[in-house]
Structures are given as C-alpha cells and as structure tokens.
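J.: File name input_7.cif; file contents mmCIF, C-alpha atoms; full text below.
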data_upload
loop_
_atom_site.label_atom_id
_atom_site.label_comp_id
_atom_site.auth_asym_id
_atom_site.auth_seq_id
_atom_site.Cartn_x
_atom_site.Cartn_y
_atom_site.Cartn_z
CA MET A 182 -12.86 2.38 16.84
CA LYS A 183 -13.07 6.12 16.19
CA ASP A 184 -15.88 7.82 18.14
CA PRO A 185 -18.09 4.82 18.89
CA LYS A 186 -21.51 5.61 20.23
CA THR A 187 -22.82 3.67 23.22
CA TYR A 188 -26.45 2.65 22.80
CA THR A 189 -27.85 1.74 26.22
CA ILE A 190 -30.74 -0.69 26.58
CA ASP A 191 -32.82 2.18 27.98
CA GLU A 192 -32.35 4.05 24.71
CA ILE A 193 -32.88 0.92 22.58
CA GLY A 194 -35.99 -0.05 24.57
CA GLY A 195 -37.58 3.32 23.83
CA TRP A 196 -37.33 2.99 20.06
CA GLU A 197 -40.19 2.32 17.65
CA ARG A 198 -40.76 -1.43 17.17
CA PHE A 199 -39.37 -1.89 13.64
CA TYR A 200 -36.40 0.43 14.24
CA ARG A 201 -35.46 -1.61 17.31
CA ALA A 202 -35.96 -4.94 15.52
CA ASN A 203 -33.81 -3.82 12.58
CA PHE A 204 -31.04 -2.65 14.94
CA LEU A 205 -30.99 -5.80 17.06
CA ASN A 206 -31.30 -8.16 14.09
CA SER A 207 -28.26 -6.49 12.51
CA LEU A 208 -26.33 -6.33 15.78
CA SER A 209 -26.44 -10.10 16.15
CA GLY A 210 -24.70 -10.50 12.75
CA PHE A 211 -25.20 -12.14 9.37
CA LYS A 212 -27.23 -15.37 9.51
CA PRO A 213 -27.74 -18.25 7.06
CA LEU A 214 -30.82 -17.73 4.86
CA ASN A 215 -32.98 -20.82 4.46
CA LEU A 216 -36.45 -22.01 3.52
CA ILE A 217 -37.99 -24.61 5.82
CA ALA A 218 -40.50 -26.90 4.10
CA THR A 219 -43.20 -28.80 5.99
CA VAL A 220 -46.58 -30.41 5.31
CA ASP A 221 -49.82 -29.92 7.26
CA GLU A 222 -52.36 -32.59 8.29
CA HIS A 223 -54.24 -32.18 4.98
CA GLY A 224 -51.08 -32.67 2.91
CA VAL A 225 -50.74 -28.96 2.10
CA SER A 226 -47.09 -27.94 1.92
CA ASN A 227 -45.69 -24.87 3.68
CA LEU A 228 -42.52 -22.86 3.19
CA GLY A 229 -41.15 -20.41 5.74
CA LEU A 230 -38.08 -18.17 5.63
CA PHE A 231 -35.68 -18.74 8.54
CA SER A 232 -32.21 -17.52 9.35
CA ASN A 233 -31.59 -18.14 13.03
CA ILE A 234 -30.02 -21.53 12.53
CA VAL A 235 -27.17 -23.14 14.49
CA HIS A 236 -24.94 -26.15 14.15
CA LEU A 237 -25.34 -28.08 17.41
CA GLY A 238 -23.07 -31.02 16.83
CA ALA A 239 -21.73 -33.44 14.25
CA ASP A 240 -22.14 -36.74 16.10
CA PRO A 241 -25.10 -37.06 16.38
CA ALA A 242 -25.72 -34.61 13.52
CA LEU A 243 -27.94 -31.98 15.14
CA ILE A 244 -29.05 -28.60 13.80
CA GLY A 245 -31.28 -26.13 15.63
CA PHE A 246 -33.39 -23.16 14.61
CA ILE A 247 -35.41 -20.46 16.32
CA ASN A 248 -39.13 -20.32 15.61
CA ARG A 249 -40.80 -17.04 16.51
CA PRO A 250 -43.81 -17.03 18.87
CA ARG A 251 -46.71 -19.23 17.77
CA GLU A 252 -49.03 -16.30 17.00
CA ALA A 253 -46.42 -14.69 14.70
CA ALA A 254 -45.25 -17.85 12.90
CA PRO A 255 -47.65 -20.75 13.52
CA HIS A 256 -47.45 -23.07 10.50
CA THR A 257 -43.88 -24.40 10.38
CA LEU A 258 -43.81 -25.23 14.09
CA ALA A 259 -47.26 -26.88 14.13
CA ASN A 260 -46.40 -28.97 11.08
CA ILE A 261 -43.11 -30.12 12.58
CA GLU A 262 -44.74 -30.98 15.92
CA ARG A 263 -47.38 -33.03 14.14
CA GLY A 264 -45.41 -34.55 11.26
CA ARG A 265 -41.91 -34.57 12.82
CA PHE A 266 -40.10 -34.17 9.46
CA TYR A 267 -38.90 -31.04 7.66
CA THR A 268 -36.36 -29.92 5.10
CA ILE A 269 -34.01 -26.92 5.26
CA ASN A 270 -33.11 -25.43 1.88
CA HIS A 271 -30.35 -22.88 1.21
CA VAL A 272 -31.40 -19.75 -0.68
CA HIS A 273 -29.23 -18.43 -3.57
CA PRO A 274 -29.63 -15.23 -5.61
CA GLU A 275 -31.86 -16.69 -8.36
CA ILE A 276 -34.58 -17.65 -5.85
CA LEU A 277 -34.15 -14.78 -3.40
CA GLU A 278 -37.23 -12.77 -4.45
CA ARG A 279 -39.44 -15.85 -4.24
CA ALA A 280 -37.87 -16.82 -0.90
CA HIS A 281 -38.50 -13.34 0.52
CA GLN A 282 -42.12 -13.60 -0.62
CA CYS A 283 -42.44 -16.70 1.60
CA SER A 284 -42.17 -14.38 4.60
CA ALA A 285 -45.60 -12.94 3.71
CA LYS A 286 -48.44 -14.11 5.96
CA TYR A 287 -50.38 -16.50 3.73
CA PRO A 288 -53.56 -17.92 5.24
CA ASP A 289 -53.72 -21.44 6.62
CA GLY A 290 -54.16 -23.97 3.81
CA VAL A 291 -52.39 -21.89 1.15
CA SER A 292 -49.02 -23.31 0.06
CA GLU A 293 -46.15 -20.84 -0.33
CA PHE A 294 -44.85 -23.17 -3.03
CA THR A 295 -47.88 -22.51 -5.28
CA SER A 296 -48.06 -18.84 -4.31
CA THR A 297 -44.44 -17.94 -4.96
CA GLY A 298 -43.59 -20.21 -7.90
CA LEU A 299 -41.07 -22.39 -6.09
CA ASN A 300 -41.40 -26.11 -6.76
CA GLU A 301 -41.69 -29.14 -4.53
CA GLU A 302 -39.29 -32.00 -5.01
CA TRP A 303 -40.40 -35.24 -3.40
CA ILE A 304 -37.94 -37.98 -2.49
CA GLU A 305 -38.96 -41.57 -1.87
CA GLY A 306 -39.28 -42.33 1.81
CA LEU A 307 -39.36 -38.68 2.89
CA PRO A 308 -42.81 -37.34 3.91
CA VAL A 309 -41.87 -33.68 3.22
CA PRO A 310 -40.65 -32.02 0.01
CA TYR A 311 -37.40 -30.25 -0.75
CA VAL A 312 -37.38 -26.95 -2.63
CA ARG A 313 -36.43 -28.14 -6.14
CA GLU A 314 -34.57 -24.89 -6.95
CA SER A 315 -32.36 -25.01 -3.81
CA LEU A 316 -28.77 -26.10 -4.45
CA VAL A 317 -27.89 -27.26 -0.92
CA ARG A 318 -30.62 -28.85 1.18
CA TYR A 319 -31.09 -31.35 3.97
CA ALA A 320 -33.87 -33.26 5.67
CA LEU A 321 -34.37 -33.55 9.41
CA GLU A 322 -36.42 -35.41 11.95
CA LEU A 323 -37.58 -33.49 15.01
CA VAL A 324 -35.71 -34.35 18.19
CA GLN A 325 -36.89 -31.72 20.62
CA VAL A 326 -38.85 -28.46 20.80
CA ASN A 327 -37.50 -26.25 23.59
CA PRO A 328 -39.91 -23.45 24.48
CA ILE A 329 -38.22 -20.21 25.59
CA PRO A 330 -40.84 -18.84 28.00
CA LEU A 331 -38.94 -15.52 28.26
CA ASN A 332 -40.44 -14.34 24.97
CA GLY A 333 -42.55 -17.16 23.57
CA THR A 334 -40.01 -18.34 20.99
CA PHE A 335 -38.94 -21.95 20.43
CA PHE A 336 -35.56 -23.57 19.94
CA VAL A 337 -36.26 -26.51 17.63
CA ILE A 338 -33.65 -29.27 17.38
CA GLY A 339 -33.57 -31.78 14.55
CA ARG A 340 -31.44 -34.75 13.60
CA VAL A 341 -30.07 -34.67 10.04
CA LEU A 342 -31.41 -37.59 7.97
CA GLN A 343 -29.84 -36.81 4.61
CA ALA A 344 -28.39 -33.99 2.53
CA GLN A 345 -28.61 -33.26 -1.19
CA LEU A 346 -26.10 -31.17 -3.09
CA ASP A 347 -23.78 -31.12 -6.07
CA PRO A 348 -20.90 -33.43 -5.01
CA THR A 349 -18.35 -31.22 -6.78
CA LEU A 350 -18.98 -28.63 -4.01
CA VAL A 351 -17.44 -31.00 -1.45
CA GLY A 352 -13.66 -30.78 -0.89
CA ALA A 353 -11.21 -33.52 0.07
CA ASP A 354 -11.70 -32.58 3.75
CA GLY A 355 -15.51 -32.58 3.78
CA PHE A 356 -15.77 -28.79 3.44
CA ILE A 357 -18.77 -27.79 1.29
CA ASP A 358 -18.02 -24.66 -0.74
CA ILE A 359 -21.32 -22.89 -0.10
CA SER A 360 -19.92 -19.67 -1.56
CA ARG A 361 -19.96 -21.45 -4.94
CA SER A 362 -23.59 -22.53 -4.46
CA GLY A 363 -24.36 -18.86 -3.79
CA SER A 364 -25.81 -19.59 -0.34
CA LEU A 365 -26.93 -16.24 1.07
CA VAL A 366 -27.02 -14.59 4.47
CA SER A 367 -29.55 -12.21 5.97
CA THR A 368 -29.24 -9.29 8.37
CA GLY A 369 -31.73 -6.88 9.88
CA LEU A 370 -35.37 -7.48 8.98
CA ASP A 371 -35.13 -7.55 5.20
CA ALA A 372 -31.51 -7.40 3.98
CA TYR A 373 -29.66 -10.15 2.11
CA GLY A 374 -25.98 -10.53 1.31
CA ARG A 375 -23.70 -12.72 -0.77
CA VAL A 376 -20.53 -14.24 0.71
CA GLU A 377 -17.08 -14.00 -0.84
CA PRO A 378 -14.35 -16.39 0.38
CA LEU A 379 -11.75 -14.59 2.51
CA ALA A 380 -9.50 -17.17 4.18
CA ARG A 381 -9.16 -20.58 5.73
CA TYR A 382 -6.65 -21.25 8.48
CA LYS A 383 -5.05 -24.36 9.91
CA TYR A 384 -6.29 -25.55 13.34
CA ALA A 385 -4.91 -22.98 15.81
CA LYS A 386 -2.42 -23.97 18.52
CA PRO A 387 -1.01 -21.80 21.34
CA GLY A 388 2.33 -20.28 20.37
CA HIS A 389 2.09 -21.29 16.70
CA PRO A 390 1.73 -18.75 13.88
CA THR A 391 -1.44 -18.72 11.78
CA ILE A 392 -1.10 -20.85 8.63
CA GLU A 393 -3.41 -20.19 5.71
CA LEU A 394 -5.10 -23.07 3.88
CA PRO A 395 -6.43 -23.07 0.31
CA TRP A 396 -10.22 -22.37 0.16
CA THR A 397 -10.83 -25.59 -1.76
CA SER A 398 -8.90 -28.81 -1.65
CA MET B 273 -30.09 -28.91 -9.40
CA LYS B 274 -28.16 -30.98 -11.96
CA ASP B 275 -27.15 -34.40 -10.64
CA PRO B 276 -27.40 -33.80 -6.89
CA LYS B 277 -25.92 -36.47 -4.71
CA THR B 278 -27.90 -37.72 -1.72
CA TYR B 279 -25.74 -38.15 1.36
CA THR B 280 -27.58 -40.39 3.83
CA ILE B 281 -26.94 -40.14 7.56
CA ASP B 282 -25.57 -43.69 7.44
CA GLU B 283 -22.90 -42.51 5.01
CA ILE B 284 -22.25 -39.26 6.94
CA GLY B 285 -22.06 -41.14 10.25
CA GLY B 286 -19.31 -43.38 8.89
CA TRP B 287 -16.97 -40.53 7.95
CA GLU B 288 -13.78 -39.57 9.77
CA ARG B 289 -14.51 -37.03 12.56
CA PHE B 290 -13.08 -33.85 10.99
CA TYR B 291 -14.47 -34.64 7.55
CA ARG B 292 -17.94 -35.06 9.06
CA ALA B 293 -17.64 -31.91 11.18
CA ASN B 294 -16.52 -29.85 8.17
CA PHE B 295 -19.42 -31.15 6.07
CA LEU B 296 -22.09 -30.55 8.71
CA ASN B 297 -20.72 -27.15 9.75
CA SER B 298 -20.89 -26.04 6.10
CA LEU B 299 -24.29 -27.63 5.50
CA SER B 300 -25.87 -25.49 8.22
CA GLY B 301 -24.75 -22.30 6.43
CA PHE B 302 -22.69 -19.17 7.00
CA LYS B 303 -22.75 -17.95 10.59
CA PRO B 304 -21.80 -14.65 12.26
CA LEU B 305 -18.17 -14.63 13.47
CA ASN B 306 -17.70 -13.18 16.95
CA LEU B 307 -15.35 -13.09 19.91
CA ILE B 308 -16.95 -13.54 23.32
CA ALA B 309 -15.06 -11.86 26.16
CA THR B 310 -15.39 -12.91 29.79
CA VAL B 311 -13.43 -12.68 33.04
CA ASP B 312 -12.58 -15.49 35.46
CA GLU B 313 -12.70 -15.45 39.28
CA HIS B 314 -9.09 -14.18 39.43
CA GLY B 315 -9.80 -11.30 37.06
CA VAL B 316 -8.07 -12.98 34.11
CA SER B 317 -9.85 -12.16 30.84
CA ASN B 318 -10.80 -14.78 28.27
CA LEU B 319 -11.66 -14.56 24.58
CA GLY B 320 -13.38 -17.33 22.65
CA LEU B 321 -14.36 -17.57 18.99
CA PHE B 322 -18.08 -18.28 18.47
CA SER B 323 -20.35 -18.31 15.45
CA ASN B 324 -23.49 -20.16 16.39
CA ILE B 325 -25.38 -17.06 17.47
CA VAL B 326 -29.09 -16.31 17.09
CA HIS B 327 -31.37 -13.33 17.48
CA LEU B 328 -34.06 -14.44 19.91
CA GLY B 329 -36.17 -11.32 20.17
CA ALA B 330 -36.12 -7.53 20.19
CA ASP B 331 -38.36 -6.83 23.19
CA PRO B 332 -36.84 -7.91 25.51
CA ALA B 333 -33.57 -7.78 23.55
CA LEU B 334 -32.34 -11.38 23.74
CA ILE B 335 -29.47 -13.04 21.90
CA GLY B 336 -28.45 -16.69 22.25
CA PHE B 337 -25.34 -18.68 21.44
CA ILE B 338 -24.28 -22.32 21.46
CA ASN B 339 -21.43 -23.31 23.77
CA ARG B 340 -19.79 -26.62 22.95
CA PRO B 341 -19.57 -29.34 25.64
CA ARG B 342 -17.82 -28.27 28.84
CA GLU B 343 -14.76 -30.48 28.27
CA ALA B 344 -14.19 -29.00 24.78
CA ALA B 345 -14.84 -25.33 25.65
CA PRO B 346 -14.84 -24.78 29.41
CA HIS B 347 -13.75 -21.18 30.03
CA THR B 348 -16.37 -18.93 28.44
CA LEU B 349 -19.29 -20.86 29.92
CA ALA B 350 -17.79 -21.13 33.42
CA ASN B 351 -16.99 -17.41 33.43
CA ILE B 352 -20.51 -16.47 32.33
CA GLU B 353 -22.11 -18.76 34.91
CA ARG B 354 -20.00 -17.23 37.66
CA GLY B 355 -19.79 -13.59 36.57
CA ARG B 356 -23.06 -13.34 34.58
CA PHE B 357 -21.71 -10.67 32.17
CA TYR B 358 -20.03 -10.99 28.76
CA THR B 359 -19.42 -9.05 25.58
CA ILE B 360 -19.88 -10.22 21.98
CA ASN B 361 -17.54 -8.56 19.48
CA HIS B 362 -17.84 -8.71 15.67
CA VAL B 363 -14.72 -9.83 13.80
CA HIS B 364 -13.58 -7.93 10.67
CA PRO B 365 -10.72 -8.75 8.25
CA GLU B 366 -7.98 -6.80 10.07
CA ILE B 367 -8.40 -8.87 13.26
CA LEU B 368 -9.30 -12.20 11.66
CA GLU B 369 -5.92 -13.92 12.16
CA ARG B 370 -5.84 -12.91 15.82
CA ALA B 371 -9.49 -13.95 16.25
CA HIS B 372 -8.79 -17.37 14.71
CA GLN B 373 -5.85 -17.77 17.09
CA CYS B 374 -8.35 -17.40 19.99
CA SER B 375 -9.72 -20.81 19.00
CA ALA B 376 -6.46 -22.41 20.19
CA LYS B 377 -6.69 -24.23 23.52
CA TYR B 378 -4.83 -21.92 25.89
CA PRO B 379 -4.42 -23.21 29.44
CA ASP B 380 -6.58 -21.95 32.28
CA GLY B 381 -5.30 -18.60 33.56
CA VAL B 382 -3.81 -17.47 30.23
CA SER B 383 -5.65 -14.58 28.58
CA GLU B 384 -6.24 -14.85 24.84
CA PHE B 385 -6.02 -11.04 24.79
CA THR B 386 -2.36 -11.08 25.86
CA SER B 387 -1.56 -14.14 23.78
CA THR B 388 -3.01 -12.94 20.49
CA GLY B 389 -2.37 -9.19 20.67
CA LEU B 390 -5.97 -8.08 20.88
CA ASN B 391 -6.68 -5.37 23.43
CA GLU B 392 -9.16 -5.05 26.25
CA GLU B 393 -11.37 -2.00 26.39
CA TRP B 394 -12.99 -1.42 29.77
CA ILE B 395 -16.17 0.63 30.14
CA GLU B 396 -17.29 2.15 33.43
CA GLY B 397 -19.92 0.01 35.13
CA LEU B 398 -19.27 -3.07 33.00
CA PRO B 399 -17.34 -5.91 34.73
CA VAL B 400 -16.10 -7.42 31.43
CA PRO B 401 -14.02 -5.87 28.65
CA TYR B 402 -14.85 -5.28 25.01
CA VAL B 403 -12.34 -6.13 22.28
CA ARG B 404 -10.94 -2.66 21.52
CA GLU B 405 -10.32 -3.50 17.83
CA SER B 406 -13.90 -4.71 17.20
CA LEU B 407 -16.09 -2.26 15.28
CA VAL B 408 -19.51 -3.57 16.37
CA ARG B 409 -19.86 -4.98 19.87
CA TYR B 410 -22.41 -5.44 22.61
CA ALA B 411 -22.59 -6.39 26.26
CA LEU B 412 -24.98 -8.90 27.77
CA GLU B 413 -26.16 -10.18 31.12
CA LEU B 414 -26.86 -13.89 31.40
CA VAL B 415 -30.54 -14.80 31.53
CA GLN B 416 -30.49 -18.56 31.19
CA VAL B 417 -28.21 -21.49 30.40
CA ASN B 418 -30.15 -24.29 28.70
CA PRO B 419 -28.23 -27.57 28.71
CA ILE B 420 -28.85 -29.76 25.64
CA PRO B 421 -28.39 -33.24 27.14
CA LEU B 422 -28.51 -34.82 23.66
CA ASN B 423 -24.86 -33.92 23.05
CA GLY B 424 -23.64 -31.96 26.07
CA THR B 425 -23.87 -28.52 24.43
CA PHE B 426 -25.48 -25.44 25.98
CA PHE B 427 -27.83 -22.82 24.60
CA VAL B 428 -26.89 -19.64 26.46
CA ILE B 429 -29.36 -16.75 26.45
CA GLY B 430 -28.38 -13.20 27.35
CA ARG B 431 -30.14 -9.86 27.63
CA VAL B 432 -28.48 -7.02 25.71
CA LEU B 433 -27.32 -4.25 28.07
CA GLN B 434 -25.68 -1.92 25.59
CA ALA B 435 -24.08 -1.78 22.14
CA GLN B 436 -21.10 0.19 20.83
CA LEU B 437 -20.55 1.05 17.20
CA ASP B 438 -19.92 3.89 14.78
CA PRO B 439 -23.29 5.71 14.62
CA THR B 440 -22.82 6.43 10.91
CA LEU B 441 -23.38 2.69 10.32
CA VAL B 442 -27.00 3.05 11.51
CA GLY B 443 -29.64 3.94 8.88
CA ALA B 444 -32.84 5.95 9.28
CA ASP B 445 -34.73 2.70 9.95
CA GLY B 446 -32.39 1.26 12.60
CA PHE B 447 -30.60 -1.03 10.13
CA ILE B 448 -26.88 -1.34 10.97
CA ASP B 449 -24.77 -1.70 7.82
CA ILE B 450 -22.52 -4.49 9.09
CA SER B 451 -21.19 -5.04 5.57
CA ARG B 452 -19.49 -1.65 5.92
CA SER B 453 -17.97 -2.63 9.29
CA GLY B 454 -16.60 -5.72 7.52
CA SER B 455 -18.37 -8.10 9.92
CA LEU B 456 -17.39 -11.60 8.81
CA VAL B 457 -19.08 -14.97 8.63
CA SER B 458 -17.68 -18.45 9.16
CA THR B 459 -18.45 -21.82 7.61
CA GLY B 460 -17.06 -25.29 8.11
CA LEU B 461 -14.41 -25.66 10.79
CA ASP B 462 -11.97 -22.98 9.70
CA ALA B 463 -13.32 -20.90 6.77
CA TYR B 464 -14.18 -17.22 6.85
CA GLY B 465 -16.05 -15.06 4.34
CA ARG B 466 -16.82 -11.42 3.71
CA VAL B 467 -20.37 -10.27 2.93
CA GLU B 468 -21.35 -8.09 -0.04
CA PRO B 469 -24.77 -6.39 0.01
CA LEU B 470 -27.18 -8.01 -2.45
CA ALA B 471 -30.69 -6.65 -1.86
CA ARG B 472 -33.25 -5.38 0.61
CA TYR B 473 -36.96 -5.87 0.04
CA LYS B 474 -40.08 -4.26 1.40
CA TYR B 475 -42.14 -6.25 3.92
CA ALA B 476 -43.74 -9.06 1.88
CA LYS B 477 -47.54 -9.34 1.53
CA PRO B 478 -49.57 -12.09 -0.18
CA GLY B 479 -50.40 -11.19 -3.78
CA HIS B 480 -48.07 -8.16 -3.88
CA PRO B 481 -44.95 -8.03 -6.06
CA THR B 482 -41.52 -7.79 -4.43
CA ILE B 483 -40.34 -4.19 -4.05
CA GLU B 484 -36.64 -3.49 -3.64
CA LEU B 485 -35.40 -1.05 -1.00
CA PRO B 486 -32.10 0.87 -1.00
CA TRP B 487 -29.39 -0.87 1.10
CA THR B 488 -28.85 2.24 3.20
CA SER B 489 -31.32 4.95 4.08
#
Could you express the structure from this file as structure tokens?

T.:
Amino acid sequence: MKDPKTYTIDEIGGWERFYRANFLNSLSGFKPLNLIATVDEHGVSNLGLFSNIVHLGADPALIGFINRPREAAPHTLANIERGRFYTINHVHPEILERAHQCSAKYPDGVSEFTSTGLNEEWIEGLPVPYVRESLVRYALELVQVNPIPLNGTFFVIGRVLQAQLDPTLVGADGFIDISRSGSLVSTGLDAYGRVEPLARYKYAKPGHPTIELPWTS
Amino acid sequence: MKDPKTYTIDEIGGWERFYRANFLNSLSGFKPLNLIATVDEHGVSNLGLFSNIVHLGADPALIGFINRPREAAPHTLANIERGRFYTINHVHPEILERAHQCSAKYPDGVSEFTSTGLNEEWIEGLPVPYVRESLVRYALELVQVNPIPLNGTFFVIGRVLQAQLDPTLVGADGFIDISRSGSLVSTGLDAYGRVEPLARYKYAKPGHPTIELPWTS
C-alpha cells in the first residue's frame, strides 16, 4: 500500500462519537443487511435493521446476530426472549428506503411494518411474520442469548426452522445466488451497497493451483 | 415474491453435507472477506481466511469473529490464545486467488504467507505481521474467547489496537470508502463478490422522509 496511515487506538478513542462509529463500522467490512421481525406480548409486530450476522454452522443450522445494548435497541431482543421465534429477511434495493426507516426509534407498541409500509406475511404454524417484500428470508427459534458484559451487547444464536425463496436462485450444489435476489450489504453507520459476482473457486488444496468455478451451476 | 418455495429444516437436514453448507452459508448473506494473521510459538506465521466477522462496539473498539471447531481450523485460534495478538486484513480482487488458497489445509509449521506468495509486513511494537498487499487492515489484542458448545465453534472478541489504510479513503465523517479499496465479500462456501455503492441515508427518525447523503464527503 502506498503511504498508509497508522491510526492508533489513542487517536481513534479521542474522536467524536459518530466519526469513530463510522470509522470502526467501515473498518470491520461489508455486512449482510437484514430486517429482523418479531412480535411483542400484545401481538404488535416489530421490525429492526441488523447487519452483524454470522453463519455459525450447518449441522445443526445455526445463525447468530449481534443485538446492541438493551437501552439502544430494546424491542427485538425482548420479543425474542419472550416469544423465542423471529424471522430474518434480506433487504434488496426496492425496499431499502423502507428498511432504513426501520432503524428510526419508534415508540413501544408502534409497528415498523405499519409505519414504513412494509407488509407482514404470516405462515401457518409460525408465530412471527416474514416481510412479504423480502426475496430471501428464514425463520429461527432462539437457542441462546449470550450477553457480552464488555459493552452490554448480546450475541443471539438461533436455529433455522425454515427458509423461503425463489427456488430458481438455488444452484445444483446448494449455492443460493443472492446477487440475483439483490441482497444488499451495509457499511459504516448508514451506507448500503450492491454485490456483483466476482469469482468462485474450487476447494483449495496445498500445492494445487486455483481453479475457477462457474458462478451458477 | 412470486412462487417462493419453503425449505423446511427437515428437508435441509437431509441434504448432502456440502449442499447444505452452501445453502446455509448463502442464506445468511454476504460477509466481509478477510485474512487473519497470527504467529505460532516457533515464530512461524499463519494466515487464515475468515468472513464471519462482526462489529461489536465502537467504545471500546471491539470486533468479533467466528472460528470453526478446533479440529477443522486449529491454527489461528491456538495462536491467538497463546500470543493474544492478531491482524485482520481486507481482501481485494488482486489478492483474491492467493487469499482463497489460504483456506487450504496446510500442515502445522508451514506458513500460508510463503506458500501462497503473500508477504508479511512487520510493524514496530506489534508481535504479528500484517498482510503487506492488503489495503485496509487492523491489529487486535484478544479480549475473550467464547466457546459455543452447541457446535464446537468459538466467538473470538478482540480490542482494536490500530488500523492502517490510505487516509484518502476516509471521509469528513469518519466513513471509510471500502468500495474504493475493493474490499470483497464472500457467500456460500467458495463465492466472492465485489461491492458497488448504492446509497447512504441520513439518520432515520419516525415520521420523517428518507434523505439521501452523498457516498463520500
């Protein structure tokens, strides 16, 4: 790299709060942009915008996400702890403005669905709605909430119960082409990007050259 | 969505191992593609390819990543537990083939740097190297390893010590334009994508319309 600058934690720690948050949220890379849907004890639905989501394992099928401290982001976590079920819904360009609006702090008892014009889609046997407009979405049951006492955040682990998507997105090897569903990423505090396919490679082995695979099969 | 298919966990659970892993790794979205560099007790460096990385908080500056079970991915975790320091290095298109090759299972004592043609960059006072070719990179000190007994994975939390990048990537509000550094994302088991800027929006408030911001400032 030509002329990199070294930013020490002493310098970073002295920055204004939003400047620092923007920098560190970009530094950690592009993350998958999703809406998490839950329901409160009065049956009022809630939608929150989340992007710190990880694949934990395929067998059992576990996916985790980071929930900010309770005082900053109370509803999703409380609803999951009480109701145990939630859906995670990919965001694509056509619903991005409405998804971003879900990051506004609506009061308790107000549904982000009604407020932003996204629609609930209820499935038999599932006590929480999907986002009807989302093109790739899955439902989970809570397995474990891991508090991170260091900063009051929570690492929430769920077991995948089902997924809903257009089956023509799924290749012969199980790969879902989420570039074709327009699934977005986020970076920084408020920036959203679209993903273009670059390459797929065959399983790497020591001493073997890299072999490119077709994006879809 | 027109004609979505519902994939139940009973169906997913019955799939062949790689098919299921591809499906679930795509379902959870695009993730930031990074090389984690560590050093073993004999001073031999190690590079591993990781993409399940989350921003945990800006103050203190904490970033977490998922390490697969010890038997599947032993070196990075063991080196971090022993040495406590590591660097995380963004991957861009020019180093993607070499980065992918780092996912091959090299034997203990063989450095992925030497094997793949990536170069170490040592910084005074830091006991682990950066990847010289990486354009956005940061160093961390281990804070906590959280075992996830459910499936033998680990949630590893580190405190950011410093970051290195081209300062012209950083906007007036602290936003790092990691689309311009070509920072990549991964999906599925072996697929990599490039991110194009789509939009930035002003902090959302209930009852206020969405206001677009320029990508760079």

J.: Got a sec to resolve the PyMOL selection byres ((chain B and resi 325) around 8) on this structure and send the residues as a PyMOL selection string?

T.: (chain A and resi 209+233+235) or (chain B and resi 303-304+322-324+326-327+335-338)

J.: How close does chain B get to chain A? List, as a tab-separated table, each residue of chain B within 6 Å, its nearest atom pair and the distance in Å to one decimal, counting all atoms listed in the file.

T.:
residue	atom	partner	partner_atom	distance
B:Met273	CA	A:Leu316	CA	5.8
B:Pro276	CA	A:Asp347	CA	4.6
B:Lys277	CA	A:Gln345	CA	5.5
B:Thr278	CA	A:Gln345	CA	4.5
B:Tyr279	CA	A:Ala344	CA	5.1
B:Thr280	CA	A:Gln343	CA	4.3
B:Ile281	CA	A:Leu342	CA	5.2
B:Tyr291	CA	A:Gly355	CA	4.4
B:Ala293	CA	A:Ala239	CA	5.3
B:Asn294	CA	A:Phe356	CA	4.9
B:Phe295	CA	A:Gly355	CA	4.8
B:Ser298	CA	A:Ile357	CA	5.5
B:Gly301	CA	A:Pro213	CA	5.1
B:Phe302	CA	A:Pro213	CA	5.1
B:Lys303	CA	A:Lys212	CA	5.3
B:Pro304	CA	A:Gly210	CA	5.1
B:Asn324	CA	A:Val235	CA	5.1
B:Val326	CA	A:Asn233	CA	5.1
B:Ala330	CA	A:Ala202	CA	5.3
B:Gln373	CA	A:Ala385	CA	5.4
B:Ala376	CA	A:Lys386	CA	4.6
B:Tyr378	CA	A:Pro387	CA	5.9
B:Leu407	CA	A:Met182	CA	5.9
B:Leu433	CA	A:Ile190	CA	5.2
B:Gln434	CA	A:Thr189	CA	4.3
B:Ala435	CA	A:Tyr188	CA	5.1
B:Gln436	CA	A:Thr187	CA	4.6
B:Leu437	CA	A:Pro185	CA	4.8
B:Asp438	CA	A:Pro185	CA	4.6
B:Pro439	CA	A:Lys186	CA	5.9
B:Asp445	CA	A:Tyr200	CA	5.1
B:Gly446	CA	A:Tyr200	CA	4.4
B:Phe447	CA	A:Asn203	CA	4.9
B:Ile448	CA	A:Ser207	CA	5.5
B:Gly460	CA	A:Phe356	CA	6.0
B:Asp462	CA	A:Arg381	CA	5.4
B:Ala463	CA	A:Arg381	CA	4.3
B:Tyr464	CA	A:Ala380	CA	5.4
B:Gly465	CA	A:Pro378	CA	4.5
B:Arg466	CA	A:Glu377	CA	5.2
B:Val467	CA	A:Val376	CA	4.6
B:Glu468	CA	A:Arg375	CA	5.2
B:Pro469	CA	A:Gly374	CA	4.5
B:Leu470	CA	A:Gly374	CA	4.7
B:Ala471	CA	A:Tyr373	CA	5.4
B:Arg472	CA	A:Ala372	CA	4.3
B:Tyr473	CA	A:Asp371	CA	5.7
B:Ala476	CA	A:Ala285	CA	4.7
B:Lys477	CA	A:Ala285	CA	4.6
B:Pro478	CA	A:Ala285	CA	5.6

J.: State, in Å with one decimal place, the distance from atom CA of B:Gly454 to atom CA of B:Glu393.

T.: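 Pair atom CA of B:Gly454 / atom CA of B:Glu393 returns 19.9 Å.
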
J.: Quick one: apply the PyMOL selection byres ((chain B and resi 311) around 9) to the file and drop the selected residues here as a list of chain:residue names.

T.: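 After applying the PyMOL selection byres ((chain B and resi 311) around 9), what remains is B:Ala309, B:Thr310, B:Asp312, B:Glu313, B:His314, B:Gly315, B:Val316, B:Ser317, B:Asn318, B:Leu319, B:Thr348, B:Asn351, B:Ile352, B:Gly355, B:Phe357, B:Tyr358, B:Pro399, B:Val400, B:Pro401.
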
J.: Could you state the separation of atom CA of B:Ser383 and atom CA of B:Leu412 in Å, given to one decimal place?

T.: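 Atom-to-atom, atom CA of B:Ser383 to atom CA of B:Leu412, that is 20.2 Å.
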
J.: Nearest residue to A:Gly229 out of A:Val272, A:Ala280, A:Ala253, A:Leu307, using all atoms listed in the file?

T.: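 Smallest separation from A:Gly229 among the options: A:Ala280.
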
J.: To one decimal in Å, tell me the separation between atom CA of B:Leu349 and atom CA of B:Val428.

T.: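 These atoms are spaced 8.4 Å apart.
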
J.: Return the single residue from A:Pro255, A:Pro328, A:Gly195, A:Gly298 that is closest to A:Ile276, with distances computed using only C-alpha atoms.

T.: A:Gly298

J.: Under the rule that all atoms listed in the file are counted, which of A:Arg251, A:Leu230, A:Arg263, A:Leu299 is the nearest residue to A:Glu275?

T.: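 Result for the nearest residue to A:Glu275: A:Leu299.
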
J.: Output, as AutoDock Vina command-line options, the centre and edge lengths in Å (one decimal) of the axis-aligned box that contains all listed atoms of stretch 265-272 of chain A with 5 Å of margin on each side.

T.:
--center_x -36.1 --center_y -27.2 --center_z 6.1 --size_x 21.6 --size_y 24.8 --size_z 23.5
